[in-house]
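J.: Here it is: the structure, laid out below.
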Amino acid sequence: MAFLLGCEKVGVEFPTKTVFEGVSLGVEAGDRIGIVGRNGDGKSTLLRLLAGEVEVDSGRVIRTRGVSVGVLGQADELDDASTVECAVVGSRPEYEWAGDVRVRDVLAGLLGDLDWHARIGELSGGQRRRVDLARLLVGEWDVLMLDEPTNHLDVRAITWLARHLKARWRPGCGALLVVTHDRWFLDEVCLRMWEVHDRVIEPFEGGFSAYIMQRVERDRLADLAEQKRRNQLRRELAWLSRGARARATKPKFHVAAARELIADVPELRNPLELKRMAMARLGKQVVDLEHVSVQFGDRKVLDDVSWIIGPGDRFGIVGGNGIGKTTLLRVIQGALAPERGRVKIGATVRFAVLSQHLSELAKFGDDRVRQVIGRYTRRTMLDGREMTPGQLLERLGFSAADQNEPVCDLSGGQKRRLALMLILLDEPNVLILDEPGNDLDTDMLAAVEDLLDGWPGTLLLVTHDRYLMERVTDDQFAILDGKVRHLPGGVDEYLRLVGEEDKAPHAGAGAGAAAGVGGRGSSASGRAQSLGQSCSHGSAAGASGSCGARLVSTPGGGEPAAGSPEGDANAPARLSGGEQRRLRKLMASNEKKADTLRGKIEAKRIEMSAADPSDYLALTAIQEEIAAFESQIEELEFEWLETAEALGE
């Protein structure tokens with residue numbers, strides 16, 4: 001692998017804090033690196049440092065001669081008076097950029113619904129983000145550095161971006177560094193992870209899921225080391241206290257196998273218990289939409305929608321930017337009257353909305369966080385127990401120092417967490433969250449998810465973060481051609497419905513688009529037109545996973561109905577009865593062998609705990625035996641998984 005850029009023993013200090021200390025790392029051709037860490041720990045600073053935009057206080061930044069670097073910052077520097085065309089391709093003649101396959105692909109993927117001659121100052125935040133991203137991606141770069149590239153992008157645009165970045169360079173060429181809170185995107189695109197924490201950068205192999213597994217293992221080993229240290233201290237204290245008797249003591253500890261550790265871990269949430277608690281707070285009726293239609297000018301946003309939202313329902317709403325998600329939420333709240341149909345809202349319903357722009361915090365101005373929460377004396381129920389405002393604040397990651405900060409000086413992620421906490425303290429029973437994951441790092445996203453798992457009410461979530469969507473909600477719905485459509489298959493089904501799970505766009509389609517970008521945005525709605533069915537979905541339907549709107553074949557009969565054997569590309573081949581019995585016997589045998597090996601590992605760890613700490617040769621030999629046993633378990637588990645897949649289990 002060719003070295004592209006990096007740094008040696010770099011230190012970066014700001015007036016109030018030291019960001020990095022003695023950091024050394026390198027980026028090589030073929031690297032696809034995701035950067036994660038807490039808000040404020042230096043992720044964006046790291047990108048700017050490697051790009052040469054931040055001056056280091058010690059050490060040096062190295063870049064191979066001739067390496068070109070493209071950077072996408074969190075805020076764009078587009079000229080409001082410029083047009084979309086000028087911002088993306090500059091003064092290049094049309095014949096030049098229209099003949100470039102990469103440019104056509106980027107335009108088709110990101111700017112399909114934009115007027116090529118629109119002024120930048122007239123665009124929304126999401127549209128400006130796509131223009132800025134397109135400006136960067138049409139260029140030729142050896143290294144791309146993207147800071148929160150998925151902010152303001154919808155699910156389709158995020159999926160296109162992931163596909164583009166994976167195919168942009170040949171294997172072993174180019175390099176990508178990306179800072180994002182979108183965990184699905186990290187898993188899809190990245191092959192390595194860098195965790196920024198405590199002035200250092202720690203590398204991990206694999207995408208986000210592999211990083212989490214390695215972090216858990218790292219924390220487990222750290223706990224074991226700390227436990228062993230404490231046992232050693234106790235032994236020395238006992239020797240000092242009781243003399244020679246201590247020489248006969250042998251501290252023992254037990255580390256359970258991973259299977260035993262998770263065997264008694266409960267489900268993320270108990271849907272039946274949450275629904276029971278929600279009905280106690282809400283009654284039987286929450287919101288019923290009956291044949292609702294909303295139209296703006298010639299554009300019909302909602303078309304004869306019937307939808308039942310019950311107590312304890314946890315619904316996610318997906319759809320492209322401008323498709324009508326906000327309109328639907330306003331209708332549900334009663335803030336927008338439909339032109340046809342009616343909305344029935346239960347007498348006990350109390351709405352609370354977390355908006356994208358956090359305008360609800362503006363009234364606090366320079367007030368400090370502790371002053372704001374001091375106005376709330378009421379406790380709130382979460383996870384079946386009462387929590388004070390202070391306990392809730394601590395659960396959302398606010399330290400004692402954070403509580404002394406003025407609200408106006410908080411970071412974006414801190415403001416979003418504070419707004420969510422204040423909403424929960426008001427004890428609503430219907431919670432509407434509009435992009436709650438914006439500005440939150442992955443650890444805080446996990447904390448918010450954990451908090452919402454125990455919230456006993458009806459939840460409506462709009463987000464383009466598909467990990468958050470499928471983690472927090474029980475059912476997902478899409479707005480397609482004015483209809484609210486149930487998605488039993490989640491976000492993947494939505495992408496299939498709008499045709500974005502196909503291969504990369506055909507060059508011919510991109511070339512046609514290049515001649516007039518403004519006409520490219522209608523294909524998805526055209527494909528979805530025959531599929532959009534009004535969905536009537538109540539609590540019982542939600543529990544069973546069924547819905548009145550089921551997927552039907554497209555006109556022409558080219559695609560089989562969902563649920564048919566022909567439509568399941570992943571269905572296992574039919575096996576004979578004898579073959580199935582043989583495979584099941586192999587799985588049972590592997591389980592027994594793995595259990596035996598875990599017992600041996602347990603015995604070796606006990607032996608290690610009782611060994612002389614200064615006998616490095618003996619300790620190394622025991623550790624090598626444990627590693628060999630773990631390797632055998634890994635092989636058995638891999639074979640078990642392959643066998644289960646062959647059986648379709």
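Residues in the structure tokens are named by chain (A, B, ... in the order shown) and by number from 1 within that chain; ligands are numbered from 1 in the order shown.
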As a ChimeraX atom specification, please: every residue in range 154-192 of chain A that DSSP puts in strand (DSSP E or B).
T.: /A:175-179,192
J.: Please identify all polymer residues within 10 Å of Thr643 in chain A, counting only C-alpha atoms, omitting same-chain residues fewer than 6 positions from it, and present them as JSON, numbers by chain.
T.: {"A": [580, 582, 583, 584, 586, 587, 637, 649]}
J.: Just to be explicit: take each residue in the selection above, keep N, CA and C atoms, and write the result as a CSV table (one decimal), in the first residue's frame.
T.:
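Here's the written file selection-v2.csv:
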```csv
chain,number,residue,atom,x,y,z
A,580,GLN,N,-30.8,-32.6,6.1
A,580,GLN,CA,-31.2,-31.7,7.2
A,580,GLN,C,-30.8,-32.3,8.6
A,582,ARG,N,-28.4,-34.5,9.1
A,582,ARG,CA,-26.9,-34.5,9.2
A,582,ARG,C,-26.4,-33.1,9.6
A,583,LEU,N,-27.0,-32.0,9.0
A,583,LEU,CA,-26.5,-30.7,9.4
A,583,LEU,C,-26.9,-30.3,10.8
A,584,ARG,N,-28.1,-30.7,11.2
A,584,ARG,CA,-28.5,-30.4,12.6
A,584,ARG,C,-27.6,-31.2,13.6
A,586,LEU,N,-24.5,-31.9,13.1
A,586,LEU,CA,-23.2,-31.2,13.0
A,586,LEU,C,-23.3,-29.9,13.9
A,587,MET,N,-24.4,-29.2,13.9
A,587,MET,CA,-24.6,-28.0,14.7
A,587,MET,C,-24.5,-28.4,16.2
A,637,GLU,N,-17.8,-21.9,15.6
A,637,GLU,CA,-18.9,-21.0,15.5
A,637,GLU,C,-19.1,-20.6,14.0
A,649,GLU,N,-32.0,-21.2,8.8
A,649,GLU,CA,-32.4,-20.8,10.2
A,649,GLU,C,-31.7,-19.5,10.6
```
J.: Quick one: residues within 9 Å of Leu302 in chain A, only C-alpha atoms counted, chain neighbours fewer than 4 positions away excluded, as JSON, numbers by chain?
T.: {"A": [292, 293, 294, 295, 324, 327, 328, 338, 479, 481, 482, 483, 484]}
J.: List the neighbours of Phe629 in chain A out to 12 Å using only C-alpha atoms; skip same-chain residues closer than 4 positions along the sequence, and give me the result as a short mmCIF file (atom, residue, chain, number, x, y, z; two decimals) with N, CA, C and O atoms, in the first residue's frame.
T.:
```
data_model
loop_
_atom_site.label_atom_id
_atom_site.label_comp_id
_atom_site.auth_asym_id
_atom_site.auth_seq_id
_atom_site.Cartn_x
_atom_site.Cartn_y
_atom_site.Cartn_z
N LYS A 593 -18.70 -29.18 21.45
CA LYS A 593 -17.25 -28.97 21.42
C LYS A 593 -16.89 -27.57 21.92
O LYS A 593 -15.92 -27.38 22.66
N ALA A 594 -17.69 -26.57 21.50
CA ALA A 594 -17.42 -25.19 21.93
C ALA A 594 -17.58 -25.05 23.44
O ALA A 594 -16.78 -24.38 24.11
N ASP A 595 -18.62 -25.70 24.00
CA ASP A 595 -18.82 -25.65 25.45
C ASP A 595 -17.63 -26.28 26.19
O ASP A 595 -17.18 -25.78 27.23
N THR A 596 -17.14 -27.40 25.65
CA THR A 596 -15.98 -28.06 26.27
C THR A 596 -14.76 -27.14 26.26
O THR A 596 -14.03 -27.02 27.26
N LEU A 597 -14.54 -26.47 25.12
CA LEU A 597 -13.41 -25.55 25.02
C LEU A 597 -13.56 -24.36 25.96
O LEU A 597 -12.58 -23.88 26.54
N ARG A 598 -14.79 -23.87 26.13
CA ARG A 598 -15.00 -22.76 27.07
C ARG A 598 -14.66 -23.19 28.49
O ARG A 598 -14.14 -22.41 29.29
N GLY A 599 -14.99 -24.44 28.83
CA GLY A 599 -14.62 -24.95 30.14
C GLY A 599 -13.12 -24.99 30.33
O GLY A 599 -12.60 -24.67 31.42
N LYS A 600 -12.41 -25.38 29.26
CA LYS A 600 -10.95 -25.40 29.35
C LYS A 600 -10.39 -23.98 29.51
O LYS A 600 -9.43 -23.76 30.27
N ILE A 601 -10.98 -23.02 28.81
CA ILE A 601 -10.54 -21.63 28.94
C ILE A 601 -10.76 -21.13 30.37
O ILE A 601 -9.90 -20.47 30.97
N GLU A 602 -11.92 -21.51 30.92
CA GLU A 602 -12.23 -21.12 32.30
C GLU A 602 -11.17 -21.65 33.26
O GLU A 602 -10.66 -20.93 34.14
N ALA A 603 -10.84 -22.94 33.07
CA ALA A 603 -9.84 -23.55 33.96
C ALA A 603 -8.49 -22.87 33.81
O ALA A 603 -7.77 -22.65 34.80
N LYS A 604 -8.09 -22.54 32.57
CA LYS A 604 -6.81 -21.89 32.35
C LYS A 604 -6.77 -20.49 32.98
O LYS A 604 -5.74 -20.05 33.50
N ARG A 605 -7.91 -19.77 32.92
CA ARG A 605 -7.93 -18.43 33.51
C ARG A 605 -7.82 -18.50 35.03
O ARG A 605 -7.19 -17.64 35.66
N ILE A 622 0.31 -20.11 29.30
CA ILE A 622 -1.14 -20.25 29.57
C ILE A 622 -1.94 -19.38 28.61
O ILE A 622 -2.97 -19.81 28.06
N GLN A 623 -1.47 -18.15 28.38
CA GLN A 623 -2.19 -17.25 27.47
C GLN A 623 -2.22 -17.81 26.06
O GLN A 623 -3.23 -17.69 25.34
N GLU A 624 -1.14 -18.45 25.62
CA GLU A 624 -1.11 -19.05 24.29
C GLU A 624 -2.10 -20.20 24.19
O GLU A 624 -2.76 -20.39 23.15
N GLU A 625 -2.22 -20.99 25.27
CA GLU A 625 -3.21 -22.08 25.27
C GLU A 625 -4.62 -21.51 25.18
O GLU A 625 -5.47 -22.03 24.44
N ILE A 633 -12.76 -22.29 19.02
CA ILE A 633 -14.17 -21.91 19.21
C ILE A 633 -14.65 -21.06 18.03
O ILE A 633 -15.76 -21.25 17.52
N GLU A 634 -13.81 -20.12 17.59
CA GLU A 634 -14.18 -19.26 16.47
C GLU A 634 -14.44 -20.09 15.21
O GLU A 634 -15.40 -19.84 14.48
N GLU A 635 -13.58 -21.08 14.94
CA GLU A 635 -13.78 -21.94 13.78
C GLU A 635 -15.07 -22.74 13.89
O GLU A 635 -15.82 -22.89 12.92
N LEU A 636 -15.35 -23.26 15.09
CA LEU A 636 -16.58 -24.02 15.30
C LEU A 636 -17.82 -23.14 15.11
O LEU A 636 -18.81 -23.56 14.52
#
```
J.: Please measure the separation of CA of Gly489 in chain A and CA of Glu449 in chain A, giving the value in Å to one decimal.
T.: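 Computed distance, CA of Gly489 in chain A to CA of Glu449 in chain A, equals 20.9 Å.
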J.: Taking the DSSP assignment computed from this structure's backbone, write out as a VMD selection string all residues of range 381-518 of chain A that belong to helix (DSSP H, G or I).
T.: chain A and resid 389 to 395 402 to 404 407 to 409 412 to 425 442 to 453 466 to 472 490 to 497 507 to 515 517 to 518
